[in-house]
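**Q** See model18.cif below, with mmCIF, C-alpha atoms.
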data_start
#
loop_
_atom_site.label_atom_id
_atom_site.label_comp_id
_atom_site.auth_asym_id
_atom_site.auth_seq_id
_atom_site.Cartn_x
_atom_site.Cartn_y
_atom_site.Cartn_z
CA MET A 1 8.45 141.89 124.21
CA PRO A 2 10.02 141.13 127.57
CA GLY A 3 11.67 144.11 129.14
CA MET A 4 10.53 146.56 126.51
CA ASP A 5 8.57 149.55 127.70
CA PRO A 6 5.79 150.22 125.18
CA GLY A 7 6.02 153.95 125.84
CA THR A 8 9.68 154.38 124.98
CA GLN A 9 11.33 155.47 121.77
CA ALA A 10 12.79 152.00 121.14
CA ASP A 11 11.92 150.91 117.59
CA VAL A 12 9.07 148.42 117.85
CA ILE A 13 9.61 146.75 114.47
CA ASP A 14 13.29 146.23 115.31
CA ALA A 15 12.42 144.80 118.69
CA LEU A 16 9.73 142.43 117.41
CA THR A 17 11.83 141.32 114.44
CA GLY A 18 14.97 140.89 116.53
CA ILE A 19 17.04 143.37 114.52
CA LYS A 20 20.39 144.13 116.15
CA PRO A 21 22.36 147.31 115.45
CA GLY A 22 24.94 146.63 112.75
CA SER A 23 23.09 143.57 111.39
CA ALA A 24 22.24 143.07 107.72
CA LEU A 25 18.59 143.92 108.36
CA ASP A 26 19.61 147.04 110.28
CA ALA A 27 21.54 148.19 107.21
CA LEU A 28 18.63 147.27 104.96
CA ARG A 29 16.16 149.30 107.03
CA ASN A 30 18.52 152.27 106.94
CA ARG A 31 18.19 152.34 103.15
CA ARG A 32 14.58 153.47 103.70
CA PRO A 33 15.18 155.78 106.66
CA ASP A 34 11.88 157.64 106.54
CA ALA A 35 9.90 154.42 106.29
CA ARG A 36 11.75 153.20 109.34
CA ASP A 37 11.41 156.40 111.39
CA GLN A 38 7.85 157.16 110.36
CA ALA A 39 6.62 153.63 111.05
CA GLN A 40 7.85 154.23 114.58
CA ALA A 41 6.34 157.75 114.56
CA SER A 42 3.04 156.11 113.58
CA TYR A 43 3.32 153.81 116.56
CA ARG A 44 3.97 156.79 118.84
CA ALA A 45 1.13 158.83 117.32
CA LEU A 46 -1.31 155.98 117.98
CA PHE A 47 -0.02 154.69 121.33
CA ALA A 48 1.74 157.62 122.99
CA PRO A 49 0.12 160.62 121.29
CA GLU A 50 1.25 164.11 122.21
CA ILE A 51 -2.38 165.19 122.20
CA PRO A 52 -4.29 162.19 123.59
CA GLY A 53 -7.74 163.01 122.22
CA GLU A 54 -10.79 161.15 123.50
CA VAL A 55 -9.43 157.61 123.11
CA THR A 56 -7.68 156.58 126.32
CA ALA A 57 -4.34 154.80 126.42
CA THR A 58 -6.05 151.72 127.85
CA GLU A 59 -8.56 151.72 124.99
CA ARG A 60 -5.77 152.06 122.42
CA PHE A 61 -3.81 149.15 123.87
CA ALA A 62 -6.96 147.08 124.44
CA VAL A 63 -7.85 147.34 120.76
CA ALA A 64 -4.25 146.65 119.74
CA ALA A 65 -3.99 143.64 122.05
CA PHE A 66 -7.15 142.23 120.46
CA VAL A 67 -5.94 142.89 116.89
CA ALA A 68 -2.49 141.45 117.60
CA GLY A 69 -4.11 138.46 119.30
CA LEU A 70 -6.24 137.79 116.20
CA HIS A 71 -3.11 137.77 114.04
CA GLY A 72 -1.65 135.06 116.25
CA ASP A 73 1.99 136.15 116.51
CA ALA A 74 2.90 135.46 120.13
CA GLU A 75 5.61 138.13 120.49
CA THR A 76 3.53 140.93 119.01
CA ALA A 77 0.54 139.89 121.09
CA ALA A 78 2.73 139.87 124.21
CA PHE A 79 4.09 143.32 123.36
CA TYR A 80 0.65 144.91 123.14
CA ALA A 81 -0.60 142.95 126.17
CA ALA A 82 2.32 144.46 128.09
CA GLY A 83 1.34 147.90 126.81
CA LEU A 84 -2.19 147.27 128.01
CA ALA A 85 -0.94 146.35 131.48
CA ALA A 86 1.34 149.41 131.57
CA SER A 87 -1.59 151.63 130.62
CA GLY A 88 -3.20 150.81 133.95
CA ALA A 89 -5.84 148.37 132.70
CA SER A 90 -7.44 146.44 135.55
CA ALA A 91 -6.78 142.73 135.93
CA GLU A 92 -10.47 142.17 135.24
CA LEU A 93 -10.31 144.05 131.95
CA ARG A 94 -7.15 142.24 130.91
CA ARG A 95 -8.80 138.91 131.64
CA ALA A 96 -11.85 139.93 129.61
CA ILE A 97 -9.62 140.84 126.66
CA GLU A 98 -7.81 137.51 126.87
CA THR A 99 -11.20 135.79 126.89
CA ALA A 100 -12.33 137.82 123.88
CA ILE A 101 -9.16 136.90 121.95
CA ALA A 102 -9.47 133.21 122.77
CA ALA A 103 -13.15 133.17 121.77
CA ALA A 104 -12.43 134.99 118.50
CA LYS A 105 -9.56 132.65 117.65
CA ALA A 106 -11.77 129.64 118.31
CA VAL A 107 -13.93 130.82 115.39
CA GLU A 108 -10.98 130.10 113.06
CA ALA A 109 -11.49 132.94 110.63
CA ARG A 110 -9.19 133.22 107.63
CA GLY A 111 -8.79 136.46 105.80
CA PRO A 112 -9.41 138.23 103.61
CA HIS A 113 -12.90 136.85 103.05
CA GLY A 114 -16.03 138.75 102.16
CA SER A 115 -18.26 139.98 99.37
CA PHE A 116 -17.71 142.20 96.35
CA PRO A 117 -20.23 144.58 94.78
CA ALA A 118 -22.89 142.54 92.95
CA GLY A 119 -21.76 141.68 89.43
CA PRO A 120 -18.96 139.74 87.78
CA LEU A 121 -16.90 139.74 90.99
CA SER A 122 -19.66 137.99 92.94
CA ARG A 123 -18.17 134.64 91.90
CA GLU A 124 -15.14 135.56 94.04
CA ASN A 125 -17.25 136.11 97.16
CA THR A 126 -16.08 134.01 100.07
CA THR A 127 -17.84 133.54 103.35
CA GLY A 128 -16.46 133.52 106.84
CA PRO A 129 -17.55 134.31 110.34
CA THR A 130 -18.85 137.72 111.37
CA HIS A 131 -17.71 137.66 114.94
CA ARG A 132 -19.35 139.39 117.86
CA VAL A 133 -17.93 139.44 121.35
CA ALA A 134 -20.02 137.16 123.61
CA ALA A 135 -22.55 138.75 125.95
CA GLU A 136 -20.78 138.00 129.24
CA THR A 137 -17.48 139.32 127.85
CA ARG A 138 -19.24 142.46 126.58
CA ASP A 139 -20.25 143.26 130.13
CA ALA A 140 -16.67 142.98 131.35
CA LEU A 141 -15.27 145.01 128.41
CA GLY A 142 -17.94 147.68 128.50
CA SER A 143 -20.09 148.54 125.49
CA ARG A 144 -17.51 150.91 123.95
CA LEU A 145 -14.69 148.38 123.78
CA ALA A 146 -17.03 145.53 122.87
CA ALA A 147 -18.27 147.47 119.83
CA ALA A 148 -14.69 148.35 118.92
CA PHE A 149 -13.64 144.69 119.09
CA ASP A 150 -16.51 143.65 116.79
CA HIS A 151 -15.28 146.22 114.29
CA MET A 152 -11.64 145.15 114.67
CA HIS A 153 -12.55 141.57 113.76
CA LEU A 154 -14.16 142.89 110.58
CA LEU A 155 -11.10 144.99 109.74
CA VAL A 156 -8.69 142.14 110.36
CA PHE A 157 -10.50 139.35 108.52
CA HIS A 158 -13.04 140.79 106.08
CA PRO A 159 -12.52 144.49 105.48
CA ARG A 160 -14.32 144.40 102.14
CA ASP A 161 -17.56 143.66 104.03
CA ALA A 162 -17.32 147.06 105.72
CA ALA A 163 -20.47 149.18 105.46
CA PRO A 164 -21.90 152.33 107.03
CA ALA A 165 -23.88 150.18 109.51
CA ALA A 166 -20.59 149.02 111.07
CA LEU A 167 -19.63 152.66 111.70
CA GLN A 168 -23.11 153.40 113.04
CA ALA A 169 -22.61 150.63 115.61
CA LEU A 170 -19.45 152.40 116.79
CA LEU A 171 -21.20 155.77 116.98
CA ASP A 172 -24.06 154.12 118.91
CA ALA A 173 -21.52 152.75 121.41
CA GLY A 174 -20.27 156.27 122.12
CA TRP A 175 -17.26 156.61 119.79
CA SER A 176 -17.06 159.91 117.90
CA THR A 177 -16.13 160.27 114.24
CA THR A 178 -12.62 161.31 115.27
CA ASP A 179 -12.36 158.36 117.66
CA ILE A 180 -13.34 156.00 114.82
CA VAL A 181 -10.56 157.41 112.65
CA THR A 182 -8.08 156.64 115.44
CA LEU A 183 -9.47 153.12 116.03
CA SER A 184 -9.34 152.42 112.29
CA GLN A 185 -5.76 153.66 112.11
CA ILE A 186 -4.78 151.39 115.00
CA ALA A 187 -6.18 148.28 113.27
CA ALA A 188 -4.81 149.29 109.89
CA PHE A 189 -1.37 150.25 111.22
CA LEU A 190 -1.08 146.96 113.10
CA SER A 191 -1.99 145.09 109.90
CA PHE A 192 1.11 146.80 108.44
CA GLN A 193 3.44 146.49 111.40
CA ILE A 194 2.72 142.80 111.96
CA ARG A 195 3.37 142.04 108.27
CA VAL A 196 6.62 143.99 108.12
CA VAL A 197 7.83 142.06 111.15
CA ALA A 198 6.70 138.72 109.68
CA GLY A 199 8.31 139.50 106.33
CA LEU A 200 11.61 140.75 107.70
CA ARG A 201 11.91 137.78 110.06
CA VAL A 202 11.69 135.44 107.06
CA LEU A 203 14.14 137.57 105.08
CA ALA A 204 16.63 137.39 107.97
CA GLY A 205 16.29 133.63 108.24
CA PRO A 206 18.62 131.02 106.78
CA GLY A 207 18.64 130.57 103.03
CA MET B 1 -24.92 167.73 117.24
CA PRO B 2 -24.02 164.03 117.58
CA ASP B 3 -21.81 162.57 114.88
CA THR B 4 -23.62 160.64 112.17
CA VAL B 5 -22.90 158.30 109.31
CA LEU B 6 -23.05 160.03 105.93
CA GLU B 7 -25.39 158.93 103.17
CA PRO B 8 -23.32 159.11 99.97
CA PRO B 9 -25.01 160.89 97.05
CA PRO B 10 -26.43 158.74 94.22
CA HIS B 11 -23.53 157.21 92.36
CA THR B 12 -22.47 154.26 90.24
CA VAL B 13 -20.73 151.56 92.28
CA PRO B 14 -17.80 150.12 90.30
CA ALA B 15 -18.55 146.40 90.01
CA VAL B 16 -15.18 145.37 88.56
CA PHE B 17 -11.53 146.19 89.16
CA THR B 18 -10.49 148.95 86.80
CA ARG B 19 -7.65 151.30 85.94
CA ALA B 20 -10.17 154.09 85.38
CA LEU B 21 -10.18 157.13 87.65
CA LEU B 22 -12.59 156.60 90.52
CA ASP B 23 -13.98 158.87 93.22
CA TRP B 24 -14.09 157.95 96.89
CA LEU B 25 -17.11 158.90 98.99
CA PRO B 26 -16.72 159.09 102.77
CA TRP B 27 -19.12 157.44 105.22
CA LEU B 28 -17.98 159.77 108.00
CA GLU B 29 -17.69 163.54 107.93
CA PRO B 30 -14.27 164.82 106.83
CA LEU B 31 -13.01 168.01 108.43
CA ALA B 32 -14.24 171.09 106.59
CA VAL B 33 -11.54 172.84 104.59
CA GLU B 34 -12.08 176.04 106.58
CA ALA B 35 -11.70 174.15 109.87
CA LEU B 36 -8.19 172.92 109.09
CA THR B 37 -5.54 174.20 111.51
CA GLU B 38 -1.79 174.30 111.04
CA ARG B 39 -1.56 170.91 112.76
CA HIS B 40 -4.10 169.41 110.34
CA MET B 41 -2.19 170.86 107.40
CA ALA B 42 1.01 169.29 108.74
CA GLY B 43 -0.88 166.00 108.87
CA LEU B 44 -1.88 166.31 105.24
CA VAL B 45 1.82 166.80 104.28
CA ASP B 46 0.92 167.98 100.74
CA ALA B 47 -1.34 171.05 100.67
CA ALA B 48 -3.05 169.66 97.55
CA ARG B 49 -4.53 166.87 99.68
CA VAL B 50 -6.95 169.44 101.13
CA LYS B 51 -9.13 168.59 98.14
CA SER B 52 -9.40 164.94 99.14
CA PRO B 53 -12.26 163.95 101.47
CA TYR B 54 -10.30 160.81 102.37
CA PHE B 55 -7.31 162.78 103.65
CA ARG B 56 -9.51 165.39 105.35
CA LEU B 57 -11.24 162.55 107.20
CA LEU B 58 -7.93 161.01 108.27
CA ALA B 59 -6.73 164.50 109.27
CA ARG B 60 -8.98 164.14 112.33
CA ASP B 61 -5.94 162.28 113.76
CA PRO B 62 -3.31 164.51 112.16
CA ASP B 63 -0.16 163.07 113.75
CA ALA B 64 -1.12 159.53 112.74
CA LEU B 65 -1.91 160.73 109.20
CA ARG B 66 1.38 162.59 108.88
CA ALA B 67 3.48 159.61 109.97
CA ARG B 68 1.42 157.28 107.74
CA THR B 69 1.93 159.53 104.73
CA LEU B 70 5.69 159.86 105.25
CA THR B 71 5.98 156.08 105.64
CA ASP B 72 4.05 155.64 102.39
CA LYS B 73 6.22 158.09 100.46
CA ASP B 74 9.51 156.48 101.42
CA ILE B 75 8.27 152.96 100.67
CA PHE B 76 7.09 153.91 97.19
CA TYR B 77 9.16 156.92 96.11
CA ASN B 78 12.62 156.31 97.56
CA SER B 79 14.56 155.73 94.36
CA ASP B 80 17.78 154.48 95.99
CA ALA B 81 18.11 151.02 94.38
CA GLY B 82 15.86 148.14 95.47
CA LEU B 83 12.67 147.26 93.63
CA PRO B 84 11.74 149.40 90.59
CA ARG B 85 8.80 151.71 91.24
CA ALA B 86 6.64 149.77 88.75
CA GLU B 87 7.00 146.63 90.85
CA ARG B 88 6.43 148.35 94.18
CA GLU B 89 3.16 149.54 92.62
CA LEU B 90 2.49 146.01 91.37
CA ALA B 91 2.78 144.72 94.95
CA ALA B 92 0.37 147.46 96.06
CA ALA B 93 -2.10 146.64 93.28
CA ALA B 94 -1.90 142.89 93.96
CA THR B 95 -2.49 143.41 97.69
CA SER B 96 -5.47 145.63 96.90
CA ARG B 97 -6.83 143.09 94.40
CA PHE B 98 -6.54 140.33 97.01
CA ASN B 99 -8.08 142.33 99.86
CA GLY B 100 -10.79 143.63 97.55
CA CYS B 101 -10.09 147.37 97.57
CA ILE B 102 -11.33 148.44 94.15
CA TYR B 103 -10.36 152.08 94.73
CA CYS B 104 -6.77 151.36 95.90
CA ALA B 105 -6.29 148.83 93.11
CA SER B 106 -7.35 151.38 90.49
CA VAL B 107 -4.78 153.94 91.62
CA HIS B 108 -1.85 151.55 91.92
CA ALA B 109 -2.68 149.53 88.83
CA ARG B 110 -2.51 152.81 86.91
CA PHE B 111 0.88 153.60 88.44
CA SER B 112 2.20 150.10 87.79
CA ALA B 113 1.02 150.21 84.16
CA THR B 114 2.51 153.67 83.66
CA TYR B 115 5.93 152.79 85.04
CA SER B 116 6.17 149.26 83.60
CA LYS B 117 4.44 149.91 80.24
CA ARG B 118 2.85 146.47 80.75
CA GLU B 119 -0.76 147.60 80.62
CA ALA B 120 -2.05 144.20 79.44
CA ASP B 121 -0.39 142.32 82.31
CA VAL B 122 -1.63 144.81 84.89
CA GLN B 123 -5.12 144.57 83.44
CA ARG B 124 -4.93 140.77 83.60
CA LEU B 125 -4.17 141.04 87.33
CA LEU B 126 -7.27 143.19 87.75
CA ASP B 127 -9.51 141.03 85.52
CA ASP B 128 -8.37 137.54 86.50
CA GLY B 129 -7.09 138.13 90.01
CA VAL B 130 -3.91 137.28 91.85
CA ASN B 131 -3.50 133.88 90.15
CA ALA B 132 -3.16 135.45 86.69
CA ASP B 133 0.05 134.37 84.91
CA LEU B 134 2.13 137.55 84.55
CA GLY B 135 5.52 135.94 83.95
CA GLU B 136 7.72 134.44 86.67
CA ARG B 137 9.15 137.65 88.14
CA TRP B 138 5.78 139.32 88.51
CA ASN B 139 4.16 136.07 89.65
CA ALA B 140 6.77 135.86 92.40
CA ILE B 141 6.05 139.43 93.53
CA VAL B 142 2.28 138.93 93.44
CA GLY B 143 2.60 135.59 95.26
CA ALA B 144 4.70 137.18 98.00
CA ALA B 145 2.25 140.08 98.41
CA VAL B 146 -0.68 137.66 98.68
CA ALA B 147 1.07 135.41 101.22
CA LEU B 148 1.87 138.42 103.39
CA SER B 149 -1.68 139.72 103.10
CA ALA B 150 -3.39 136.49 104.16
CA THR B 151 -4.52 136.24 107.78
CA PRO B 152 -2.94 134.14 109.23
CA ILE B 153 0.14 135.26 107.26
CA THR B 154 1.52 132.47 105.04
CA PHE B 155 4.68 134.23 103.84
CA GLY B 156 7.67 131.95 104.28
CA PRO B 157 11.19 131.07 103.10
CA GLN B 158 9.79 129.65 99.85
CA HIS B 159 8.55 133.13 98.88
CA VAL B 160 11.90 134.73 99.59
CA ALA B 161 13.68 131.98 97.66
CA ARG B 162 11.39 132.47 94.68
CA LEU B 163 11.96 136.23 94.71
CA ARG B 164 15.73 135.68 94.84
CA ARG B 165 15.53 133.26 91.89
CA ALA B 166 13.59 135.94 90.02
CA GLY B 167 16.53 138.29 90.48
CA LEU B 168 15.51 140.38 93.50
CA ASP B 169 18.21 141.28 95.99
CA ASP B 170 17.47 141.69 99.70
CA LEU B 171 16.66 145.39 99.43
CA ALA B 172 14.20 144.67 96.60
CA ILE B 173 12.61 141.89 98.67
CA ALA B 174 12.34 144.26 101.63
CA ASP B 175 10.60 146.68 99.26
CA VAL B 176 8.07 143.98 98.29
CA ILE B 177 7.47 143.29 101.99
CA HIS B 178 6.96 146.97 102.78
CA ALA B 179 4.79 147.74 99.75
CA ALA B 180 2.46 144.79 100.44
CA SER B 181 2.38 145.49 104.17
CA PHE B 182 1.64 149.15 103.62
CA PHE B 183 -1.35 148.31 101.45
CA ASN B 184 -2.77 146.17 104.20
CA TRP B 185 -2.84 149.45 106.10
CA ALA B 186 -4.23 151.56 103.24
CA ASN B 187 -6.82 149.03 102.06
CA ARG B 188 -8.38 148.77 105.52
CA LEU B 189 -8.84 152.52 105.77
CA MET B 190 -10.24 152.99 102.28
CA LEU B 191 -12.53 149.95 102.50
CA SER B 192 -13.98 150.77 105.90
CA LEU B 193 -14.37 154.56 105.95
CA GLY B 194 -16.07 155.08 102.58
CA GLU B 195 -16.67 153.61 99.17
CA PRO B 196 -15.56 154.00 95.55
CA ALA B 197 -17.74 155.59 92.90
CA ALA B 198 -17.41 155.71 89.15
CA SER B 199 -16.08 159.15 88.36
CA ALA B 200 -18.68 161.61 87.09
CA GLY B 201 -18.70 161.50 83.30
CA THR B 202 -17.24 158.00 82.92
#
I'd like the structure from this file rewritten - as structure tokens, please.
**A**
Amino acid sequence: MPGMDPGTQADVIDALTGIKPGSALDALRNRRPDARDQAQASYRALFAPEIPGEVTATERFAVAAFVAGLHGDAETAAFYAAGLAASGASAELRRAIETAIAAAKAVEARGPHGSFPAGPLSRENTTGPTHRVAAETRDALGSRLAAAFDHMHLLVFHPRDAAPAALQALLDAGWSTTDIVTLSQIAAFLSFQIRVVAGLRVLAGPG
Amino acid sequence: MPDTVLEPPPHTVPAVFTRALLDWLPWLEPLAVEALTERHMAGLVDAARVKSPYFRLLARDPDALRARTLTDKDIFYNSDAGLPRAERELAAAATSRFNGCIYCASVHARFSATYSKREADVQRLLDDGVNADLGERWNAIVGAAVALSATPITFGPQHVARLRRAGLDDLAIADVIHAASFFNWANRLMLSLGEPAASAGT
């Protein structure tokens, strides 16, 4: 979002939706005040945590920029890309993330696809790409972020294919159990935030 | 000791969507009950959640868990007008059915059936999926939840118009949007950090 500092208290959903104080959507959001405030508190907890933990700000925004990029909403992607830049990410890293997003989008995944436990639901199984970041991009991202991006693609497009092996890959890349909880929350929270914004934009539209 | 992936104990994997009580088995180590600090307890919000391995796992990032939980409660429990609780739960169940979260669907299908008294319709959603015919109002809510849950998102003016025709005002439509969006959050955590198990004795 142009001009918006990702570290401030400004409400991200309002900013990305284009909600102005005093508007109909502003009034609507005030009817669920905790949902409004705590969605923003979730953003702060994940992107400007009081106790940073072992996941760096650059890693948090890198993962978010990738997840937002996969969803394809330009404004949200720009917002998290700006957060990534503000976190001090190098130009080389930012380029690598842009490359990773473009390569992942070229795969044209549609979600949610994936498999169910074997049985009557198997007839609903749908296939789609299991995406891995390309080798040359992995070098630029580093093995930690590359493994995280592979997992983010799974969470965005085919979460029902998740399995312990996916978590083992993250542990092998140097993420701790607690780090994985934070990474998972980032992907899952963004899946929420992006949909609230998309839904409220339509609700605010003509008709 | 390095962190490891957990091997769940022998259990029966639920192979269908169900309103039965299920367990959830973590693939990563939850915090031990005796290791929980005041900050972790604040993250859990309700002290009773200490018993849940899911919440003790998420308590590893307590501030994120606390904000997530308070968001959840207002979306589903705020009784000031808007969408009836039964239909907020329907949106949650439909989202879970579509994403494939058997555990989440079981919990919220039970809630939807309890509050709506429409057990057969809720069961049809579980058995037949999100294209089941549940009557126009529920079809409109399920259709909106599914369109919002697709990636790329396909939710558009036609979904809002259909919800309005079905009698939902803007606050109720905002409730559908929030309930479905929230379960895109919840489903991804429950699907990727552990797995459902048929409850012992069922």
**Q** Closest to Ala187 in chain A among B:Cys104, B:Ala186, B:Ala42, B:Ala140, using all atoms listed in the file?
**A**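 So, comparing all the options, the nearest one is B:Ala186.
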**Q** Could you list, as a PyMOL selection string, the residues of chain B having an atom within 7 Å of chain A when counting only C-alpha atoms?
**A** chain B and resi 3+5+15-16+27-28+58+60-61+63-64+67-68+70-71+74-75+99-101+148+150-152+155-157+160+171+177-178+181-182+184-185+188-189+191-192
**Q** Give as an mmCIF file with C-alpha atoms, in the coordinates of the input every residue, naming chains and numbers as the document does, that has an atom within 9 Å of (-8.9, 140.2, 127.5), counting only C-alpha atoms.
**A**
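Saved as result_35.cif:
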data_model
loop_
_atom_site.group_PDB
_atom_site.id
_atom_site.type_symbol
_atom_site.label_atom_id
_atom_site.label_comp_id
_atom_site.auth_asym_id
_atom_site.auth_seq_id
_atom_site.Cartn_x
_atom_site.Cartn_y
_atom_site.Cartn_z
ATOM 1 C CA ALA A 62 -6.960 147.080 124.440
ATOM 2 C CA ALA A 65 -3.990 143.640 122.050
ATOM 3 C CA PHE A 66 -7.150 142.230 120.460
ATOM 4 C CA ALA A 81 -0.600 142.950 126.170
ATOM 5 C CA GLU A 92 -10.470 142.170 135.240
ATOM 6 C CA LEU A 93 -10.310 144.050 131.950
ATOM 7 C CA ARG A 94 -7.150 142.240 130.910
ATOM 8 C CA ARG A 95 -8.800 138.910 131.640
ATOM 9 C CA ALA A 96 -11.850 139.930 129.610
ATOM 10 C CA ILE A 97 -9.620 140.840 126.660
ATOM 11 C CA GLU A 98 -7.810 137.510 126.870
ATOM 12 C CA THR A 99 -11.200 135.790 126.890
ATOM 13 C CA ALA A 100 -12.330 137.820 123.880
ATOM 14 C CA ILE A 101 -9.160 136.900 121.950
ATOM 15 C CA ALA A 102 -9.470 133.210 122.770
ATOM 16 C CA THR A 137 -17.480 139.320 127.850
ATOM 17 C CA LEU A 141 -15.270 145.010 128.410
#
**Q** What is the CA of Gly128 in chain A-CA of Ile102 in chain B distance in Å, reported with one decimal?
**A** 20.2 Å
**Q** Interatomic distance between CA of Asn139 in chain B and CA of Pro14 in chain B?
**A**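 Separation between CA of Asn139 in chain B and CA of Pro14 in chain B: 26.1 Å.
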**Q** What would the selection look like, as JSON, numbers by chain, if the PyMOL selection byres ((chain B and resi 85) around 10) were run on the coordinates I just shared?
**A** {"B": [75, 76, 77, 78, 79, 81, 82, 83, 84, 86, 87, 88, 89, 90, 91, 111, 112, 115, 116, 175]}
**Q** Rounded to one decimal place, report the CA of Val146 in chain B-CA of Arg132 in chain A distance in Å.
**A**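 Between these atoms lies a distance of 26.8 Å.
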**Q** Just so the selection is clear, what residues does the PyMOL selection byres ((chain B and resi 12) around 8) cover here, as a ChimeraX atom specification?
**A** /B:10-11,13-14,197-198
**Q** Just want the 12 Å neighbourhood of Ala113 in chain B, counted on all atoms listed in the file, with same-chain residues fewer than 6 positions away dropped. Output as a PyMOL selection string.
**A** chain B and resi 18-20+85-90+93+105-107+119-126
**Q** Enumerate, as a ChimeraX atom specification, the residues matched when the PyMOL selection byres ((chain B and resi 32) around 10) is run on the file above.
**A** /B:29-31,33-36,50,53,56-57
**Q** Emit a file covering range 151-199 of chain B of the preceding structure with C-alpha atoms, as a short mmCIF file (atom, residue, chain, number, x, y, z; two decimals), in the first residue's frame.
**A**
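And here is the file that came out, out_0.cif:
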data_model
loop_
_atom_site.label_atom_id
_atom_site.label_comp_id
_atom_site.auth_asym_id
_atom_site.auth_seq_id
_atom_site.Cartn_x
_atom_site.Cartn_y
_atom_site.Cartn_z
CA THR B 151 -7.55 -19.79 -4.67
CA PRO B 152 -7.65 -17.61 -6.73
CA ILE B 153 -10.69 -16.18 -4.92
CA THR B 154 -13.82 -16.21 -7.10
CA PHE B 155 -16.15 -14.30 -4.75
CA GLY B 156 -17.89 -11.52 -6.65
CA PRO B 157 -20.93 -9.23 -6.85
CA GLN B 158 -23.12 -12.17 -7.90
CA HIS B 159 -22.52 -13.83 -4.52
CA VAL B 160 -23.41 -10.68 -2.61
CA ALA B 161 -26.53 -10.21 -4.75
CA ARG B 162 -27.61 -13.80 -4.11
CA LEU B 163 -27.11 -13.39 -0.36
CA ARG B 164 -29.16 -10.18 -0.41
CA ARG B 165 -31.96 -11.93 -2.33
CA ALA B 166 -31.87 -14.65 0.32
CA GLY B 167 -32.61 -12.01 2.95
CA LEU B 168 -29.16 -11.22 4.37
CA ASP B 169 -28.40 -7.62 5.23
CA ASP B 170 -24.90 -6.18 4.93
CA LEU B 171 -23.91 -7.09 8.49
CA ALA B 172 -25.03 -10.69 7.90
CA ILE B 173 -23.07 -10.78 4.63
CA ALA B 174 -20.01 -9.42 6.45
CA ASP B 175 -20.50 -12.24 8.96
CA VAL B 176 -20.48 -14.81 6.12
CA ILE B 177 -17.28 -13.24 4.77
CA HIS B 178 -15.60 -13.31 8.17
CA ALA B 179 -16.73 -16.82 9.12
CA ALA B 180 -15.52 -18.29 5.81
CA SER B 181 -12.30 -16.29 5.89
CA PHE B 182 -11.58 -17.31 9.45
CA PHE B 183 -11.91 -20.98 8.58
CA ASN B 184 -9.34 -20.57 5.85
CA TRP B 185 -7.07 -19.65 8.74
CA ALA B 186 -8.21 -22.44 11.08
CA ASN B 187 -8.30 -25.20 8.43
CA ARG B 188 -4.69 -24.56 7.42
CA LEU B 189 -3.46 -24.89 10.99
CA MET B 190 -5.44 -28.01 11.81
CA LEU B 191 -4.66 -29.71 8.49
CA SER B 192 -0.94 -29.04 8.56
CA LEU B 193 0.11 -29.43 12.20
CA GLY B 194 -1.61 -32.73 13.01
CA GLU B 195 -4.38 -35.09 12.03
CA PRO B 196 -7.85 -36.20 13.15
CA ALA B 197 -8.49 -39.53 14.83
CA ALA B 198 -11.70 -41.34 15.58
CA SER B 199 -12.35 -40.76 19.25
#
